[in-house]
file protein-v9.cif (mmCIF, C-alpha atoms)
data_data
loop_
_atom_site.group_PDB
_atom_site.id
_atom_site.type_symbol
_atom_site.label_atom_id
_atom_site.label_comp_id
_atom_site.auth_asym_id
_atom_site.auth_seq_id
_atom_site.Cartn_x
_atom_site.Cartn_y
_atom_site.Cartn_z
ATOM 1 C CA MET A 276 -57.240 104.059 79.829
ATOM 2 C CA ALA A 277 -53.843 104.911 78.280
ATOM 3 C CA GLN A 278 -52.200 102.310 80.495
ATOM 4 C CA GLN A 279 -54.651 99.647 79.260
ATOM 5 C CA HIS A 280 -53.990 100.658 75.655
ATOM 6 C CA LEU A 281 -50.244 100.135 75.955
ATOM 7 C CA GLN A 282 -50.641 96.944 77.937
ATOM 8 C CA HIS A 283 -52.828 95.376 75.248
ATOM 9 C CA ILE A 284 -50.951 96.431 72.153
ATOM 10 C CA ARG A 285 -47.566 95.262 73.485
ATOM 11 C CA GLU A 286 -48.645 91.652 73.392
ATOM 12 C CA VAL A 287 -46.434 90.547 70.509
ATOM 13 C CA GLU A 288 -46.010 87.099 69.006
ATOM 14 C CA GLU A 289 -43.276 85.929 66.660
ATOM 15 C CA ILE A 290 -44.764 83.984 63.761
ATOM 16 C CA THR A 291 -43.539 82.466 60.503
ATOM 17 C CA ILE A 292 -45.331 82.220 57.176
ATOM 18 C CA PRO A 293 -44.210 79.378 54.879
ATOM 19 C CA VAL A 294 -43.112 80.351 51.357
ATOM 20 C CA PRO A 295 -41.585 78.225 48.557
ATOM 21 C CA TRP A 296 -37.994 79.212 49.461
ATOM 22 C CA GLY A 297 -38.377 78.937 53.247
ATOM 23 C CA HIS A 298 -40.317 81.254 55.539
ATOM 24 C CA ILE A 299 -41.212 84.879 56.212
ATOM 25 C CA ALA A 300 -40.603 85.882 59.823
ATOM 26 C CA ALA A 301 -42.977 88.392 61.362
ATOM 27 C CA LYS A 302 -44.199 90.049 64.544
ATOM 28 C CA PHE A 303 -47.949 89.965 65.189
ATOM 29 C CA TRP A 304 -49.306 92.709 67.424
ATOM 30 C CA GLY A 305 -52.864 92.733 68.761
ATOM 31 C CA PRO A 306 -56.041 90.611 68.566
ATOM 32 C CA LYS A 307 -55.793 87.503 66.386
ATOM 33 C CA HIS A 308 -59.387 87.630 65.125
ATOM 34 C CA VAL A 309 -58.762 90.983 63.385
ATOM 35 C CA ARG A 310 -57.131 91.243 59.958
ATOM 36 C CA PRO A 311 -53.855 93.069 60.620
ATOM 37 C CA ILE A 312 -52.291 96.038 58.922
ATOM 38 C CA LEU A 313 -49.320 94.618 57.011
ATOM 39 C CA CYS A 314 -46.160 96.587 57.826
ATOM 40 C CA LEU A 315 -43.288 96.727 55.310
ATOM 41 C CA HIS A 316 -39.834 97.989 56.300
ATOM 42 C CA GLY A 317 -37.135 99.752 54.291
ATOM 43 C CA TRP A 318 -34.029 98.506 52.503
ATOM 44 C CA GLN A 319 -31.696 96.534 54.822
ATOM 45 C CA ASP A 320 -33.986 97.231 57.807
ATOM 46 C CA ASN A 321 -36.398 94.710 59.358
ATOM 47 C CA ALA A 322 -39.671 94.388 61.260
ATOM 48 C CA GLY A 323 -38.087 96.062 64.295
ATOM 49 C CA THR A 324 -38.409 99.400 62.529
ATOM 50 C CA PHE A 325 -42.036 99.590 63.724
ATOM 51 C CA ASP A 326 -41.411 98.596 67.355
ATOM 52 C CA SER A 327 -41.521 102.117 68.757
ATOM 53 C CA LEU A 328 -44.531 103.287 66.712
ATOM 54 C CA ILE A 329 -47.024 100.414 66.928
ATOM 55 C CA PRO A 330 -47.538 100.708 70.737
ATOM 56 C CA MET A 331 -48.813 104.260 70.095
ATOM 57 C CA LEU A 332 -51.411 103.205 67.496
ATOM 58 C CA PRO A 333 -55.062 102.111 67.931
ATOM 59 C CA ASN A 334 -55.343 98.763 69.678
ATOM 60 C CA HIS A 335 -58.601 97.601 68.111
ATOM 61 C CA VAL A 336 -56.619 96.803 64.939
ATOM 62 C CA SER A 337 -53.806 94.257 64.630
ATOM 63 C CA TYR A 338 -50.402 94.782 63.004
ATOM 64 C CA LEU A 339 -48.242 92.261 61.153
ATOM 65 C CA ALA A 340 -44.686 93.538 60.716
ATOM 66 C CA ILE A 341 -42.716 91.228 58.434
ATOM 67 C CA ASP A 342 -39.037 90.763 57.599
ATOM 68 C CA LEU A 343 -38.794 90.840 53.819
ATOM 69 C CA PRO A 344 -36.735 88.023 52.217
ATOM 70 C CA GLY A 345 -33.023 88.330 52.997
ATOM 71 C CA HIS A 346 -33.746 90.667 55.935
ATOM 72 C CA GLY A 347 -34.147 90.037 59.643
ATOM 73 C CA LEU A 348 -35.140 86.480 60.527
ATOM 74 C CA SER A 349 -36.691 85.615 57.149
ATOM 75 C CA SER A 350 -35.223 83.075 54.738
ATOM 76 C CA ARG A 351 -32.785 84.220 52.081
ATOM 77 C CA TYR A 352 -33.356 83.567 48.424
ATOM 78 C CA PRO A 353 -31.453 80.568 47.031
ATOM 79 C CA ASP A 354 -27.943 81.107 45.683
ATOM 80 C CA GLY A 355 -27.901 82.462 42.172
ATOM 81 C CA MET A 356 -30.987 84.666 42.685
ATOM 82 C CA ILE A 357 -31.129 88.454 42.974
ATOM 83 C CA TYR A 358 -33.406 90.660 45.053
ATOM 84 C CA SER A 359 -35.719 93.193 43.431
ATOM 85 C CA HIS A 360 -38.753 95.309 44.227
ATOM 86 C CA ILE A 361 -40.850 93.142 41.901
ATOM 87 C CA ASP A 362 -39.884 90.031 43.891
ATOM 88 C CA TYR A 363 -41.030 91.788 47.042
ATOM 89 C CA LEU A 364 -44.329 92.696 45.397
ATOM 90 C CA TYR A 365 -44.708 88.971 44.662
ATOM 91 C CA THR A 366 -43.947 88.235 48.333
ATOM 92 C CA LEU A 367 -46.674 90.648 49.423
ATOM 93 C CA VAL A 368 -49.246 89.029 47.111
ATOM 94 C CA LEU A 369 -48.142 85.565 48.258
ATOM 95 C CA ILE A 370 -48.631 86.487 51.934
ATOM 96 C CA CYS A 371 -52.122 87.814 51.191
ATOM 97 C CA LYS A 372 -53.063 84.540 49.492
ATOM 98 C CA LYS A 373 -51.514 82.421 52.253
ATOM 99 C CA LEU A 374 -53.479 84.295 54.913
ATOM 100 C CA GLN A 375 -56.627 84.411 52.747
ATOM 101 C CA TRP A 376 -57.129 88.157 52.951
ATOM 102 C CA GLU A 377 -59.812 89.578 50.683
ATOM 103 C CA LYS A 378 -58.627 93.095 51.530
ATOM 104 C CA VAL A 379 -55.174 94.400 52.424
ATOM 105 C CA SER A 380 -54.179 97.311 54.670
ATOM 106 C CA LEU A 381 -50.601 98.574 54.446
ATOM 107 C CA MET A 382 -48.190 100.643 56.517
ATOM 108 C CA ALA A 383 -44.758 101.009 54.960
ATOM 109 C CA HIS A 384 -41.466 102.880 55.021
ATOM 110 C CA SER A 385 -38.982 103.704 52.251
ATOM 111 C CA MET A 386 -38.457 100.630 50.043
ATOM 112 C CA GLY A 387 -41.530 99.084 51.662
ATOM 113 C CA ALA A 388 -43.471 102.211 50.691
ATOM 114 C CA ILE A 389 -42.460 101.725 47.050
ATOM 115 C CA ILE A 390 -43.794 98.169 47.208
ATOM 116 C CA GLY A 391 -46.991 99.465 48.837
ATOM 117 C CA PHE A 392 -47.453 102.041 46.058
ATOM 118 C CA LEU A 393 -47.030 99.328 43.403
ATOM 119 C CA PHE A 394 -49.483 97.019 45.189
ATOM 120 C CA ALA A 395 -52.121 99.729 45.629
ATOM 121 C CA ALA A 396 -51.863 100.543 41.918
ATOM 122 C CA ALA A 397 -51.809 96.929 40.710
ATOM 123 C CA TYR A 398 -54.644 95.767 42.983
ATOM 124 C CA PRO A 399 -56.834 98.836 43.602
ATOM 125 C CA GLU A 400 -59.849 96.660 44.433
ATOM 126 C CA LYS A 401 -57.963 94.748 47.174
ATOM 127 C CA CYS A 402 -56.146 97.590 48.967
ATOM 128 C CA ASP A 403 -58.299 99.373 51.555
ATOM 129 C CA MET A 404 -55.710 101.767 53.072
ATOM 130 C CA VAL A 405 -52.054 102.763 52.867
ATOM 131 C CA VAL A 406 -49.856 104.650 55.327
ATOM 132 C CA SER A 407 -46.527 105.553 53.733
ATOM 133 C CA PHE A 408 -43.444 107.090 55.377
ATOM 134 C CA ASP A 409 -41.027 109.380 53.501
ATOM 135 C CA THR A 410 -40.935 107.580 50.124
ATOM 136 C CA LEU A 411 -43.987 107.964 47.923
ATOM 137 C CA LYS A 412 -43.263 105.989 44.750
ATOM 138 C CA PRO A 413 -40.584 104.328 42.605
ATOM 139 C CA PHE A 414 -37.871 106.758 41.596
ATOM 140 C CA VAL A 415 -37.780 107.953 38.008
ATOM 141 C CA THR A 416 -35.476 106.041 35.658
ATOM 142 C CA ASN A 417 -31.850 106.960 36.225
ATOM 143 C CA PHE A 418 -29.749 105.783 33.292
ATOM 144 C CA GLY A 419 -26.556 106.046 35.340
ATOM 145 C CA TYR A 420 -28.021 103.618 37.872
ATOM 146 C CA VAL A 421 -29.003 101.188 35.107
ATOM 147 C CA THR A 422 -25.496 101.044 33.652
ATOM 148 C CA HIS A 423 -23.974 100.817 37.142
ATOM 149 C CA PHE A 424 -26.170 97.815 37.919
ATOM 150 C CA PHE A 425 -25.169 96.071 34.699
ATOM 151 C CA ASN A 426 -21.477 96.871 35.054
ATOM 152 C CA ASN A 427 -20.920 96.488 38.789
ATOM 153 C CA SER A 428 -23.810 94.994 40.734
ATOM 154 C CA ILE A 429 -24.021 91.790 38.733
ATOM 155 C CA GLU A 430 -20.339 91.116 39.428
ATOM 156 C CA ASP A 431 -20.911 91.869 43.122
ATOM 157 C CA LEU A 432 -23.791 89.381 43.179
ATOM 158 C CA MET A 433 -21.555 86.661 41.785
ATOM 159 C CA VAL A 434 -18.927 87.355 44.459
ATOM 160 C CA ALA A 435 -21.638 87.215 47.149
ATOM 161 C CA ASP A 436 -22.806 83.846 45.816
ATOM 162 C CA ILE A 437 -19.285 82.444 46.124
ATOM 163 C CA ARG A 438 -19.040 83.671 49.738
ATOM 164 C CA ASN A 439 -22.436 82.175 50.552
ATOM 165 C CA GLN A 440 -21.388 78.808 49.145
ATOM 166 C CA GLU A 441 -18.163 78.911 51.130
ATOM 167 C CA LYS A 442 -20.289 79.609 54.234
ATOM 168 C CA SER A 443 -17.629 81.982 55.526
ATOM 169 C CA GLU A 444 -18.591 84.151 58.483
ATOM 170 C CA PRO A 445 -18.942 87.853 57.650
ATOM 171 C CA PRO A 446 -16.770 90.440 59.445
ATOM 172 C CA SER A 447 -17.696 90.783 63.115
ATOM 173 C CA TYR A 448 -17.741 93.798 65.429
ATOM 174 C CA LYS A 449 -18.322 94.713 69.044
ATOM 175 C CA TYR A 450 -21.900 95.771 69.762
ATOM 176 C CA GLU A 451 -21.044 99.461 70.057
ATOM 177 C CA GLU A 452 -19.286 99.253 66.696
ATOM 178 C CA LEU A 453 -22.435 97.778 65.163
ATOM 179 C CA ILE A 454 -24.382 100.769 66.433
ATOM 180 C CA ASP A 455 -21.759 103.092 64.959
ATOM 181 C CA ARG A 456 -21.929 101.348 61.595
ATOM 182 C CA LEU A 457 -25.718 101.346 61.487
ATOM 183 C CA THR A 458 -26.137 104.986 62.423
ATOM 184 C CA SER A 459 -23.422 106.177 60.038
ATOM 185 C CA ALA A 460 -24.816 104.068 57.169
ATOM 186 C CA THR A 461 -28.173 105.818 57.582
ATOM 187 C CA ILE A 462 -26.515 109.259 57.900
ATOM 188 C CA LEU A 463 -27.805 109.397 61.496
ATOM 189 C CA SER A 464 -31.391 108.805 60.353
ATOM 190 C CA VAL A 465 -31.318 105.877 62.794
ATOM 191 C CA THR A 466 -30.181 107.172 66.180
ATOM 192 C CA ARG A 467 -27.949 105.372 68.677
ATOM 193 C CA GLU A 468 -30.941 105.040 71.007
ATOM 194 C CA THR A 469 -33.150 103.353 68.380
ATOM 195 C CA ALA A 470 -30.521 101.242 66.585
ATOM 196 C CA PRO A 471 -31.114 98.269 68.958
ATOM 197 C CA TYR A 472 -34.671 97.901 67.596
ATOM 198 C CA LEU A 473 -33.130 96.932 64.243
ATOM 199 C CA LEU A 474 -30.052 95.128 65.548
ATOM 200 C CA LYS A 475 -32.186 92.712 67.566
ATOM 201 C CA ARG A 476 -33.229 90.979 64.314
ATOM 202 C CA ALA A 477 -30.102 91.706 62.283
ATOM 203 C CA ILE A 478 -27.097 90.204 64.079
ATOM 204 C CA LYS A 479 -25.687 86.950 65.471
ATOM 205 C CA PRO A 480 -22.783 86.252 67.843
ATOM 206 C CA SER A 481 -19.530 85.454 66.092
ATOM 207 C CA ALA A 482 -18.345 81.850 66.357
ATOM 208 C CA LYS A 483 -14.753 83.019 65.928
ATOM 209 C CA GLU A 484 -14.404 86.037 68.216
ATOM 210 C CA SER A 485 -15.925 86.435 71.669
ATOM 211 C CA ASP A 486 -18.053 89.501 72.404
ATOM 212 C CA LYS A 487 -18.408 90.236 68.702
ATOM 213 C CA TYR A 488 -21.362 90.007 66.319
ATOM 214 C CA TYR A 489 -21.961 90.022 62.583
ATOM 215 C CA PHE A 490 -24.810 91.251 60.378
ATOM 216 C CA THR A 491 -26.996 88.373 59.177
ATOM 217 C CA ARG A 492 -28.849 90.077 56.330
ATOM 218 C CA ASP A 493 -28.013 88.742 52.890
ATOM 219 C CA SER A 494 -25.069 90.661 51.414
ATOM 220 C CA ARG A 495 -26.782 90.435 48.008
ATOM 221 C CA LEU A 496 -29.215 93.082 49.272
ATOM 222 C CA LYS A 497 -26.499 95.670 48.625
ATOM 223 C CA SER A 498 -27.042 94.935 44.922
ATOM 224 C CA LEU A 499 -30.841 94.927 45.059
ATOM 225 C CA HIS A 500 -32.391 95.653 41.667
ATOM 226 C CA ALA A 501 -34.569 98.671 42.432
ATOM 227 C CA VAL A 502 -37.568 99.376 40.219
ATOM 228 C CA MET A 503 -37.091 102.676 38.413
ATOM 229 C CA LEU A 504 -39.863 103.793 36.096
ATOM 230 C CA PRO A 505 -40.453 106.560 33.564
ATOM 231 C CA HIS A 506 -42.243 109.492 35.160
ATOM 232 C CA GLU A 507 -45.288 108.928 32.937
ATOM 233 C CA THR A 508 -45.579 105.361 34.244
ATOM 234 C CA ASN A 509 -45.562 106.549 37.858
ATOM 235 C CA LEU A 510 -48.304 109.050 37.027
ATOM 236 C CA PHE A 511 -50.340 106.297 35.384
ATOM 237 C CA LEU A 512 -49.935 104.080 38.454
ATOM 238 C CA ALA A 513 -50.803 106.937 40.823
ATOM 239 C CA LYS A 514 -54.037 107.509 38.936
ATOM 240 C CA ARG A 515 -55.029 103.853 39.467
ATOM 241 C CA ILE A 516 -54.817 104.092 43.262
ATOM 242 C CA LYS A 517 -58.275 104.353 44.820
ATOM 243 C CA ALA A 518 -57.554 103.436 48.443
ATOM 244 C CA PRO A 519 -57.353 105.971 51.263
ATOM 245 C CA TYR A 520 -53.675 106.959 51.229
ATOM 246 C CA CYS A 521 -51.765 108.800 53.956
ATOM 247 C CA PHE A 522 -48.277 109.940 52.943
ATOM 248 C CA ILE A 523 -45.979 111.423 55.590
ATOM 249 C CA LYS A 524 -42.841 113.192 54.348
ATOM 250 C CA ALA A 525 -39.877 113.739 56.670
ATOM 251 C CA THR A 526 -38.775 117.257 55.795
ATOM 252 C CA GLN A 527 -35.121 116.687 56.764
ATOM 253 C CA SER A 528 -34.897 113.844 54.239
ATOM 254 C CA SER A 529 -34.001 114.439 50.580
ATOM 255 C CA PHE A 530 -36.251 113.518 47.643
ATOM 256 C CA LYS A 531 -33.449 111.519 45.904
ATOM 257 C CA GLU A 532 -34.650 112.733 42.500
ATOM 258 C CA ASN A 533 -35.882 115.917 40.814
ATOM 259 C CA ARG A 534 -38.589 117.239 43.114
ATOM 260 C CA LYS A 535 -40.910 118.002 40.203
ATOM 261 C CA TYR A 536 -41.501 114.259 39.799
ATOM 262 C CA PHE A 537 -42.727 114.093 43.384
ATOM 263 C CA ASN A 538 -44.869 117.225 43.067
ATOM 264 C CA GLU A 539 -46.538 116.079 39.851
ATOM 265 C CA THR A 540 -47.247 112.634 41.308
ATOM 266 C CA VAL A 541 -48.798 114.253 44.384
ATOM 267 C CA ASP A 542 -50.998 116.381 42.106
ATOM 268 C CA VAL A 543 -52.339 113.210 40.488
ATOM 269 C CA MET A 544 -52.824 111.467 43.823
ATOM 270 C CA LYS A 545 -54.781 114.455 45.128
ATOM 271 C CA GLU A 546 -57.450 113.552 42.582
ATOM 272 C CA ASN A 547 -58.206 110.789 45.078
ATOM 273 C CA PRO A 548 -60.362 112.572 47.713
ATOM 274 C CA GLN A 549 -58.987 110.199 50.351
ATOM 275 C CA PHE A 550 -55.338 111.121 49.809
ATOM 276 C CA GLU A 551 -53.561 112.913 52.673
ATOM 277 C CA LEU A 552 -50.167 114.620 52.569
ATOM 278 C CA HIS A 553 -48.350 115.524 55.789
ATOM 279 C CA GLY A 554 -44.911 116.950 56.481
ATOM 280 C CA VAL A 555 -43.055 116.405 59.764
ATOM 281 C CA ASP A 556 -39.781 117.930 60.881
ATOM 282 C CA SER A 557 -37.612 114.842 61.200
ATOM 283 C CA ALA A 558 -35.272 112.483 59.337
ATOM 284 C CA HIS A 559 -35.912 109.464 57.097
ATOM 285 C CA HIS A 560 -36.625 107.008 59.962
ATOM 286 C CA VAL A 561 -39.062 109.343 61.731
ATOM 287 C CA HIS A 562 -41.497 106.489 62.504
ATOM 288 C CA LEU A 563 -38.713 104.751 64.463
ATOM 289 C CA THR A 564 -36.790 107.602 66.047
ATOM 290 C CA GLU A 565 -39.577 110.109 66.747
ATOM 291 C CA PRO A 566 -42.814 108.098 66.568
ATOM 292 C CA GLU A 567 -44.668 110.700 68.614
ATOM 293 C CA LYS A 568 -44.418 113.061 65.618
ATOM 294 C CA VAL A 569 -46.440 110.732 63.397
ATOM 295 C CA SER A 570 -48.512 108.596 65.773
ATOM 296 C CA VAL A 571 -51.476 110.989 65.970
ATOM 297 C CA ILE A 572 -51.598 111.392 62.185
ATOM 298 C CA VAL A 573 -51.459 107.636 61.657
ATOM 299 C CA SER A 574 -53.940 106.884 64.461
ATOM 300 C CA ASN A 575 -56.502 109.339 63.102
ATOM 301 C CA PHE A 576 -56.124 107.842 59.639
ATOM 302 C CA ILE A 577 -56.529 104.260 60.897
ATOM 303 C CA ASN A 578 -59.563 105.218 62.974
ATOM 304 C CA LYS A 579 -61.117 106.778 59.887
ATOM 305 C CA CYS A 580 -60.369 103.872 57.531
ATOM 306 C CA ARG A 581 -60.816 100.974 59.942
ATOM 307 C CA PRO A 582 -62.917 102.238 62.852
ATOM 308 C CA LEU A 583 -63.689 100.108 65.871
ATOM 309 C CA SER A 584 -67.327 99.829 64.781
ATOM 310 C CA ALA A 585 -66.283 98.153 61.504
ATOM 311 C CA VAL A 586 -63.664 95.712 62.784
ATOM 312 C CA SER A 587 -66.044 92.779 63.138
ATOM 313 C CA LYS A 588 -67.002 93.156 59.471
ATOM 314 C CA LEU A 589 -63.440 92.934 58.137
#

call {"tool": "encode", "arguments": {"input": "protein-v9.cif", "output": "structure tokens"}}
result
Amino acid sequence: MAQQHLQHIREVEEITIPVPWGHIAAKFWGPKHVRPILCLHGWQDNAGTFDSLIPMLPNHVSYLAIDLPGHGLSSRYPDGMIYSHIDYLYTLVLICKKLQWEKVSLMAHSMGAIIGFLFAAAYPEKCDMVVSFDTLKPFVTNFGYVTHFFNNSIEDLMVADIRNQEKSEPPSYKYEELIDRLTSATILSVTRETAPYLLKRAIKPSAKESDKYYFTRDSRLKSLHAVMLPHETNLFLAKRIKAPYCFIKATQSSFKENRKYFNETVDVMKENPQFELHGVDSAHHVHLTEPEKVSVIVSNFINKCRPLSAVSKL
């Protein structure tokens, strides 16, 4: 039976979804007649972040792992535009309309989890389940970040636009160097063994130097305008969420803000009887590097929210 499960769920198809600025690239896992769980990756990652986890999850449900704009194989935004969490929320809503989903199921990591939180709060009647890895909500307003964005990031965006218009090839590296750069950039949250899952959708061979590759993600992502909200706003949004919500915190990963903001948000979310909080001993990319530590939690949650007996009704 286990062998059949893995055989079925590993049938993956690359698809594209047209959007006004180009296309969203995605990987579709599982039966086509079933509305998939939409999977959202983290900042500067891509759909490959779910490659090691999805084969361990229930195979009566489908999974659609997308590359957010500027990431992976998806189209970049036009020159002169910036990336932000709100734009990605728009992308999520646009995909739902394109695919004519009346309900939306989400599984998300890090930045994707922030977008999932915002969607579940903005559209409580449309969201029927959320699985969230390591990041629960938007971080609380950091005034230092705001001034840094105004003073530095806007200038960086203008420089990136000039480079894009010049169509100059980014710096290239040997494959092992790419692994080194990726693992060090994530503070070893992505391991050397799992880095190829992300690199597969993130690099191209250099046209200038043999046996070297360059990162294809949009360099403007480094200056992404992250949504930061007052703590009271996050609490208000948390109270609006009605969907079953499974949050899994990697205990080796920091909270990136005063922990009281997290604790107080969790207290509000616990008012939802279908909210689950789990802690696992791992790093930020636990779903990628140690999927066996979360697969049972996620599978049980999916089976509860979208059981086999209800699939035909979705």

call {"tool": "resolve_selection", "arguments": {"input": "protein-v9.cif", "expression": "the PyMOL selection byres ((chain A and resi 541-551) around 6)", "output": "list in words"}}
result
Ala513, Pro519, Tyr520, Cys521, Asn538, Glu539, Thr540 and Leu552 of chain A

call {"tool": "atom_distance", "arguments": {"input": "protein-v9.cif", "atom1": "CA of Gly345 (chain A)", "atom2": "CA of Thr491 (chain A)"}}
result
8.6 Å

call {"tool": "resolve_selection", "arguments": {"input": "protein-v9.cif", "expression": "the PyMOL selection byres ((chain A and resi 399) around 7)", "output": "VMD selection string"}}
result
chain A and resid 395 to 398 400 to 402 515 to 518

call {"tool": "atom_distance", "arguments": {"input": "protein-v9.cif", "atom1": "CA of Thr416 (chain A)", "atom2": "CA of Met503 (chain A)"}}
result
4.6 Å

call {"tool": "closest_residue", "arguments": {"input": "protein-v9.cif", "among": "A:Ser447, A:Asn321, A:Ser407, A:Ser529", "to": "Lys479 (chain A)", "atoms": "only C-alpha atoms"}}
result
A:Ser447

call {"tool": "resolve_selection", "arguments": {"input": "protein-v9.cif", "expression": "the PyMOL selection byres ((chain A and resi 418-421) around 12)", "output": "PyMOL selection string"}}
result
chain A and resi 414-417+422-429+498-505

call {"tool": "closest_residue", "arguments": {"input": "protein-v9.cif", "among": "A:Leu512, A:Val406, A:Leu583, A:Val465", "to": "Ala558 (chain A)", "atoms": "only C-alpha atoms"}}
result
A:Val465

call {"tool": "residues_near_point", "arguments": {"input": "protein-v9.cif", "point": "(-42.0, 112.5, 60.1)", "cutoff": "9 Å", "atoms": "all atoms listed in the file", "output": "PyMOL selection string"}}
result
chain A and resi 408-409+523-527+553-562+565-566+568-569

call {"tool": "atom_distance", "arguments": {"input": "protein-v9.cif", "atom1": "CA of Cys371 (chain A)", "atom2": "CA of Val287 (chain A)"}}
result
20.3 Å

call {"tool": "closest_residue", "arguments": {"input": "protein-v9.cif", "among": "A:Ile299, A:Val336, A:Leu510, A:Leu457", "to": "Ile478 (chain A)", "atoms": "only C-alpha atoms"}}
result
A:Leu457

call {"tool": "closest_residue", "arguments": {"input": "protein-v9.cif", "among": "A:Trp376, A:Tyr363, A:Tyr488, A:Tyr358", "to": "Leu432 (chain A)", "atoms": "all atoms listed in the file"}}
result
A:Tyr358

call {"tool": "residues_near_point", "arguments": {"input": "protein-v9.cif", "point": "(-42.9, 88.0, 63.0)", "cutoff": "6 Å", "atoms": "only C-alpha atoms", "output": "list in words"}}
result
Glu289, Ile290, Ala300, Ala301, Lys302, Phe303 and Ile341 of chain A

call {"tool": "axis_aligned_box", "arguments": {"input": "protein-v9.cif", "around": "region 412-422 of chain A", "padding_each_side": "8 Å", "output": "AutoDock Vina command-line options"}}
result
--center_x -34.4 --center_y 104.5 --center_z 39.0 --size_x 33.8 --size_y 22.9 --size_z 27.5

call {"tool": "residues_around", "arguments": {"input": "protein-v9.cif", "residues": "Gly347 (chain A)", "least_positions_apart": "2", "cutoff": "6 Å", "atoms": "all atoms listed in the file", "output": "PyMOL selection string"}}
result
chain A and resi 321+342+349+476-477

call {"tool": "closest_residue", "arguments": {"input": "protein-v9.cif", "among": "A:Ile370, A:Ala322, A:Ala470, A:Leu339", "to": "Lys307 (chain A)", "atoms": "all atoms listed in the file"}}
result
A:Leu339

call {"tool": "closest_residue", "arguments": {"input": "protein-v9.cif", "among": "A:Ser385, A:Ser464, A:Ser443, A:Ser494", "to": "Thr410 (chain A)", "atoms": "only C-alpha atoms"}}
result
A:Ser385

call {"tool": "build_atoms", "arguments": {"input": "protein-v9.cif", "residues": "region 556-560 of chain A", "atoms": "all heavy atoms", "output": "PDB file, in the coordinates of the input"}}
result
ATOM      1  N   ASP A 556     -41.173 117.501  60.768  1.00  0.00           N
ATOM      2  CA  ASP A 556     -39.781 117.930  60.881  1.00  0.00           C
ATOM      3  C   ASP A 556     -38.958 116.817  61.528  1.00  0.00           C
ATOM      4  O   ASP A 556     -38.849 116.732  62.746  1.00  0.00           O
ATOM      5  CB  ASP A 556     -39.699 119.210  61.714  1.00  0.00           C
ATOM      6  CG  ASP A 556     -38.265 119.733  61.840  1.00  0.00           C
ATOM      7  OD1 ASP A 556     -37.427 119.370  60.993  1.00  0.00           O
ATOM      8  OD2 ASP A 556     -37.994 120.495  62.793  1.00  0.00           O
ATOM      9  N   SER A 557     -38.409 115.950  60.695  1.00  0.00           N
ATOM     10  CA  SER A 557     -37.612 114.842  61.200  1.00  0.00           C
ATOM     11  C   SER A 557     -36.828 114.235  60.044  1.00  0.00           C
ATOM     12  O   SER A 557     -36.888 114.726  58.911  1.00  0.00           O
ATOM     13  CB  SER A 557     -38.516 113.783  61.852  1.00  0.00           C
ATOM     14  OG  SER A 557     -37.743 112.822  62.551  1.00  0.00           O
ATOM     15  N   ALA A 558     -36.101 113.151  60.338  1.00  0.00           N
ATOM     16  CA  ALA A 558     -35.272 112.483  59.337  1.00  0.00           C
ATOM     17  C   ALA A 558     -36.004 111.264  58.765  1.00  0.00           C
ATOM     18  O   ALA A 558     -37.148 110.973  59.122  1.00  0.00           O
ATOM     19  CB  ALA A 558     -33.939 112.066  59.957  1.00  0.00           C
ATOM     20  N   HIS A 559     -35.316 110.540  57.894  1.00  0.00           N
ATOM     21  CA  HIS A 559     -35.912 109.464  57.097  1.00  0.00           C
ATOM     22  C   HIS A 559     -36.606 108.394  57.947  1.00  0.00           C
ATOM     23  O   HIS A 559     -37.648 107.876  57.564  1.00  0.00           O
ATOM     24  CB  HIS A 559     -34.799 108.826  56.247  1.00  0.00           C
ATOM     25  CG  HIS A 559     -35.253 107.750  55.323  1.00  0.00           C
ATOM     26  ND1 HIS A 559     -36.248 107.941  54.368  1.00  0.00           N
ATOM     27  CD2 HIS A 559     -34.852 106.447  55.188  1.00  0.00           C
ATOM     28  CE1 HIS A 559     -36.419 106.828  53.686  1.00  0.00           C
ATOM     29  NE2 HIS A 559     -35.603 105.906  54.169  1.00  0.00           N
ATOM     30  N   HIS A 560     -36.039 108.035  59.096  1.00  0.00           N
ATOM     31  CA  HIS A 560     -36.625 107.008  59.962  1.00  0.00           C
ATOM     32  C   HIS A 560     -37.497 107.623  61.059  1.00  0.00           C
ATOM     33  O   HIS A 560     -37.530 107.131  62.190  1.00  0.00           O
ATOM     34  CB  HIS A 560     -35.521 106.157  60.600  1.00  0.00           C
ATOM     35  CG  HIS A 560     -34.907 105.156  59.666  1.00  0.00           C
ATOM     36  ND1 HIS A 560     -33.939 105.500  58.757  1.00  0.00           N
ATOM     37  CD2 HIS A 560     -35.116 103.817  59.518  1.00  0.00           C
ATOM     38  CE1 HIS A 560     -33.568 104.406  58.081  1.00  0.00           C
ATOM     39  NE2 HIS A 560     -34.269 103.381  58.521  1.00  0.00           N
TER      40      HIS A 560
END
